[in-house]
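Working notes for the structure below.
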Amino acid sequence: MSTALITHPDALEHVTPQGHPERVARLERVLEELSEPRFADLVRHEAPLAEDAELLRCHPPEYLQRIRHAIPAAGIYQLDADTHVSPGSLRAAQRAVGGACRAVDMVLAGDVTNAFVAMRPPGHHAETATPMGFCLFGTVAIAAKRALDHHGLERVAVVDFDVHHGNGTQDLLWSEGRALFVSSHQMPLWPGSGAPDERGAHGTVLNLPLPPDADGTAFRAAWSEHALPRLRDFAPQLLLVSAGFDAHRADPLANLSLEDEDFAWITAELCALAREACAGRLVSVLEGGYDLDALGRCVAAHVQVLKDNGQ
């Protein structure tokens with residue numbers, strides 16, 4: 001078995017204003033790191049365009065129309081204080097969803113053990129009918145619904161270690177009793193959601209807020225003592241990961257103090273859980289991470305662990 005890398009040049013056509021943290025250079029740095037010889041044996045696939053039917057698993061038709069109509073013929077259009085679109089943004093977001101769904105298909109078919117989807121814009125802040133936090137569509141939530149509704153799985157877990165709470169994923173999966181959503185994140189911090197008492201309609205949401213300046217010790221304790229036991233009890237048939245690397249101490253948008261090694265650790269723990277619960281089946285999707293050097297190193301560490309576990 002092996003590890004897939006799914007990406008597409010269209011992700012570089014989603015252009016944001018000068019100085020915006022979610023910029024083309026993020027993915028360029030990621031792909032530069034993953035072009036090193038040690039990653040030569042990754043199974044590389046281009047992300048397909050998601051069909052409307054996939055997007056409609058989580059978003060209503062009128063929302064899709066709103067996003068389509070917002071895409072400018074030239075220049076940049078601002079959807080909210082943080083979220084912008086350019087002429088290439090819709091195709092980029094459709095390919096992000098398509099890439100995550102392709103990864104789910106490949107992993108469940110046994111073509112690869114696990115996969116990393118290197119696309120942008122990110123997705124975990126997009127709510128049912130609201131784009132926000134740089135995100136247009138709920139990429140990981142849609143992939144979870146594909147696994148459940150198209151492939152017929154009974155239990156899928158989504159884990160999110162981005163420094164910002166995955167409010168969109170939580171919103172999209174709130175009433176989905178077949179999906180467990182687990183998130184660690186800084187609190188207080190934008191978007192302001194993610195308190196421990198937010199548990200979902202079926203008790204399938206677990207939020208683990210961390211205070212500002214929390215380091216790898218606190219992060220590892222939260223996952224070891226709470227998240228990983230809950231995931232083992234749930235026994236998912238597929239594990240999906242919102243892989244944000246902005247909890248790194250170097251990141252400019254937040255105040256957690258994780259190091260490169262902490263991201264390698266959580267990846268190894270999630271791979272071990274996936275081996276135990278679901279034959280190693282794991283799909284990871286890029287979310288945040290805004291210091292380019294830290295992002296590149298942490299993605300490389302993350303994918304190396306995936307590759308080591310995809311042998």
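Numbering starts fresh at 1 for the residues of each chain in the structure tokens, the chains themselves are lettered A, B, ... in the order given, and ligands are numbered from 1 as they appear.
Neighbours of His59 of chain A closer than or equal to 8 Å, with only C-alpha atoms counted and sequence neighbours fewer than 6 positions away skipped, come out as Thr128, Ala129 and Phe137 of chain A.
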Selection near segment 27-34 of chain A, 7 Å with only C-alpha atoms, sequence-local residues under 4 positions removed, as an MDAnalysis selection string: chainID A and resid 39 292 296 299:300
Output N, CA and C atoms of each residue in that selection to a file, as a PDB file, in the first residue's frame.
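Okay, out-v4.pdb is ready:
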```
ATOM      1  N   PHE A  39       9.951  12.235  -1.175  1.00  0.00           N
ATOM      2  CA  PHE A  39       8.524  12.098  -1.432  1.00  0.00           C
ATOM      3  C   PHE A  39       8.238  11.620  -2.858  1.00  0.00           C
ATOM      4  N   LEU A 292       5.208  30.675   6.350  1.00  0.00           N
ATOM      5  CA  LEU A 292       5.557  29.794   5.244  1.00  0.00           C
ATOM      6  C   LEU A 292       6.604  28.755   5.629  1.00  0.00           C
ATOM      7  N   GLY A 296       5.724  24.793   5.650  1.00  0.00           N
ATOM      8  CA  GLY A 296       6.427  23.835   4.805  1.00  0.00           C
ATOM      9  C   GLY A 296       7.022  22.693   5.598  1.00  0.00           C
ATOM     10  N   VAL A 299       4.107  20.424   7.157  1.00  0.00           N
ATOM     11  CA  VAL A 299       3.469  19.573   6.159  1.00  0.00           C
ATOM     12  C   VAL A 299       4.392  18.436   5.779  1.00  0.00           C
ATOM     13  N   ALA A 300       5.677  18.733   5.595  1.00  0.00           N
ATOM     14  CA  ALA A 300       6.629  17.676   5.253  1.00  0.00           C
ATOM     15  C   ALA A 300       6.679  16.614   6.349  1.00  0.00           C
TER      16      ALA A 300
END
```
In Å to one decimal, how far is atom CA of Val117 of chain A from atom CA of Leu172 of chain A?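 Atom-to-atom, atom CA of Leu172 of chain A to atom CA of Val117 of chain A, that is 20.0 Å.
Atom CA of Val163 of chain A sits 28.1 Å away from atom CA of Leu49 of chain A.
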Using only C-alpha atoms, which residues sit within 9 Å of segment 98-114 of chain A once same-chain residues fewer than 6 positions away are excluded, as a PyMOL selection string? chain A and resi 1-8+43+45-51+54+139-140+142-144+146-147+151+238+240+271+279-285+306-307+309-311
With N, CA and C atoms retained, export the selected residues as a compact mmCIF listing (two decimals), in the first residue's frame.
```
# COMPACT_ATOMS: atom_id res chain seq x y z
N MET A 1 0.85 -1.20 0.00
CA MET A 1 0.00 0.00 0.00
C MET A 1 0.89 1.25 0.00
N SER A 2 0.26 2.41 -0.08
CA SER A 2 1.03 3.62 -0.29
C SER A 2 0.22 4.84 0.17
N THR A 3 0.81 6.03 -0.07
CA THR A 3 0.19 7.30 0.30
C THR A 3 -0.03 8.14 -0.96
N ALA A 4 -1.22 8.70 -1.08
CA ALA A 4 -1.54 9.55 -2.23
C ALA A 4 -1.34 11.02 -1.87
N LEU A 5 -0.87 11.79 -2.85
CA LEU A 5 -0.85 13.25 -2.78
C LEU A 5 -1.77 13.75 -3.88
N ILE A 6 -2.80 14.48 -3.49
CA ILE A 6 -3.79 14.98 -4.44
C ILE A 6 -3.75 16.50 -4.43
N THR A 7 -3.53 17.09 -5.61
CA THR A 7 -3.46 18.54 -5.73
C THR A 7 -3.84 18.91 -7.16
N HIS A 8 -3.81 20.21 -7.46
CA HIS A 8 -4.11 20.67 -8.83
C HIS A 8 -3.64 22.11 -8.97
N VAL A 43 1.89 8.64 -4.44
CA VAL A 43 1.02 8.38 -5.59
C VAL A 43 0.30 9.70 -5.90
N HIS A 45 -2.01 12.40 -7.80
CA HIS A 45 -3.22 12.51 -8.62
C HIS A 45 -3.66 13.97 -8.65
N GLU A 46 -4.27 14.36 -9.77
CA GLU A 46 -4.86 15.69 -9.86
C GLU A 46 -6.26 15.66 -9.26
N ALA A 47 -6.59 16.73 -8.54
CA ALA A 47 -7.92 16.84 -7.94
C ALA A 47 -8.96 17.15 -9.02
N PRO A 48 -10.01 16.36 -9.12
CA PRO A 48 -11.07 16.64 -10.10
C PRO A 48 -11.97 17.76 -9.61
N LEU A 49 -12.74 18.34 -10.51
CA LEU A 49 -13.76 19.30 -10.13
C LEU A 49 -14.92 18.56 -9.47
N ALA A 50 -15.31 19.00 -8.30
CA ALA A 50 -16.48 18.40 -7.65
C ALA A 50 -17.74 18.79 -8.42
N GLU A 51 -18.61 17.82 -8.63
CA GLU A 51 -19.91 18.12 -9.23
C GLU A 51 -20.81 18.79 -8.19
N GLU A 54 -22.02 16.84 -5.19
CA GLU A 54 -21.16 16.70 -4.01
C GLU A 54 -21.32 17.90 -3.09
N THR A 139 -15.14 21.46 2.82
CA THR A 139 -14.47 20.38 2.12
C THR A 139 -14.48 19.06 2.88
N VAL A 140 -14.03 19.07 4.12
CA VAL A 140 -13.91 17.83 4.88
C VAL A 140 -15.29 17.28 5.25
N ILE A 142 -18.01 17.60 3.52
CA ILE A 142 -18.56 17.01 2.30
C ILE A 142 -17.93 15.64 2.05
N ALA A 143 -16.61 15.54 2.26
CA ALA A 143 -15.94 14.24 2.09
C ALA A 143 -16.50 13.21 3.07
N ALA A 144 -16.79 13.65 4.30
CA ALA A 144 -17.38 12.74 5.28
C ALA A 144 -18.76 12.26 4.82
N ARG A 146 -19.79 12.06 1.77
CA ARG A 146 -19.62 11.12 0.65
C ARG A 146 -19.32 9.73 1.16
N ALA A 147 -18.45 9.65 2.15
CA ALA A 147 -18.11 8.34 2.71
C ALA A 147 -19.34 7.66 3.31
N HIS A 151 -20.64 5.75 -0.09
CA HIS A 151 -19.96 4.47 0.16
C HIS A 151 -20.65 3.62 1.22
N LEU A 238 -13.45 5.21 8.87
CA LEU A 238 -12.59 6.10 8.10
C LEU A 238 -12.28 7.30 8.97
N LEU A 240 -10.92 11.20 8.87
CA LEU A 240 -10.64 12.40 8.08
C LEU A 240 -9.98 13.44 8.98
N CYS A 271 -2.53 8.01 12.88
CA CYS A 271 -2.26 6.85 12.02
C CYS A 271 -2.38 5.55 12.82
N ALA A 279 -8.14 -0.21 9.39
CA ALA A 279 -7.13 -0.69 8.44
C ALA A 279 -6.25 0.43 7.92
N GLY A 280 -6.04 1.47 8.73
CA GLY A 280 -5.16 2.56 8.35
C GLY A 280 -5.80 3.62 7.47
N ARG A 281 -7.08 3.50 7.19
CA ARG A 281 -7.72 4.38 6.20
C ARG A 281 -7.87 5.80 6.77
N LEU A 282 -7.12 6.72 6.19
CA LEU A 282 -7.06 8.09 6.69
C LEU A 282 -6.89 9.04 5.51
N VAL A 283 -7.66 10.12 5.51
CA VAL A 283 -7.54 11.18 4.51
C VAL A 283 -7.31 12.50 5.24
N SER A 284 -6.21 13.18 4.89
CA SER A 284 -5.87 14.46 5.51
C SER A 284 -6.00 15.57 4.47
N VAL A 285 -6.57 16.69 4.90
CA VAL A 285 -6.83 17.82 4.00
C VAL A 285 -6.20 19.08 4.60
N LEU A 306 2.60 10.06 7.38
CA LEU A 306 1.58 9.35 6.59
C LEU A 306 2.25 8.30 5.70
N LYS A 307 3.35 8.70 5.05
CA LYS A 307 4.04 7.79 4.15
C LYS A 307 4.62 6.60 4.90
N ASN A 309 3.44 5.28 7.44
CA ASN A 309 2.34 4.39 7.83
C ASN A 309 1.55 3.86 6.64
N GLY A 310 1.91 4.31 5.43
CA GLY A 310 1.23 3.83 4.26
C GLY A 310 1.95 2.71 3.55
N GLN A 311 3.06 2.27 4.14
CA GLN A 311 3.88 1.22 3.51
C GLN A 311 3.10 -0.07 3.43
```
Interatomic distance, atom CA of Pro191 of chain A to atom CA of Ala235 of chain A (Å, one decimal):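 Interatomic distance, atom CA of Pro191 of chain A to atom CA of Ala235 of chain A: 29.5 Å.
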Every residue of segment 3-180 of chain A that DSSP places in alpha helix (DSSP H), as a ChimeraX atom specification: /A:24-33,52-55,61-70,89-109,139-145,167-173
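Closest approach to Glu154 of chain A among A:Leu208, A:Leu12, A:Ala179, A:Ala96: A:Ala179, based on only C-alpha atoms.
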Of the listed residues A:Tyr77, A:Tyr63, A:Phe219, A:Phe263, that which approaches Pro131 of chain A most closely, counting only C-alpha atoms: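 With only C-alpha atoms as the atom set, the closest residue is A:Tyr63.
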Nearest to Glu261 of chain A: which of A:Arg232, A:His226, A:His165, A:His302 is it, counting only C-alpha atoms?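 Result for the nearest residue to Glu261 of chain A: A:His302.
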Quick one: residues within 12 Å of Arg66 of chain A, only C-alpha atoms, excluding same-chain residues fewer than 2 positions away - as a list in words?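 Everything that qualifies: His59, Pro60, Pro61, Glu62, Tyr63, Leu64, Arg68, His69, Ala70, Ile71, Leu79, Leu90, Ala129, Thr130, Pro131 and Leu136 of chain A.
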Set the distance at 7 Å and use only C-alpha atoms: which residues neighbour segment 245-260 of chain A once local chain neighbours fewer than 2 positions away are removed? I'd like the list as number ranges by chain. A: 162-163, 186, 212-216, 243, 262-264, 288-291, 294-295, 298
Ranking A:Gly166, A:Met132, A:Thr217, A:Ile67 by minimum distance to Ser193 of chain A and counting only C-alpha atoms, which one comes first? A:Gly166
Minimum-distance residue to Ile266 of chain A, chosen among A:Asp160, A:Glu13, A:Asp149, A:Asp41 (using only C-alpha atoms):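 The closest residue to Ile266 of chain A is A:Asp160.
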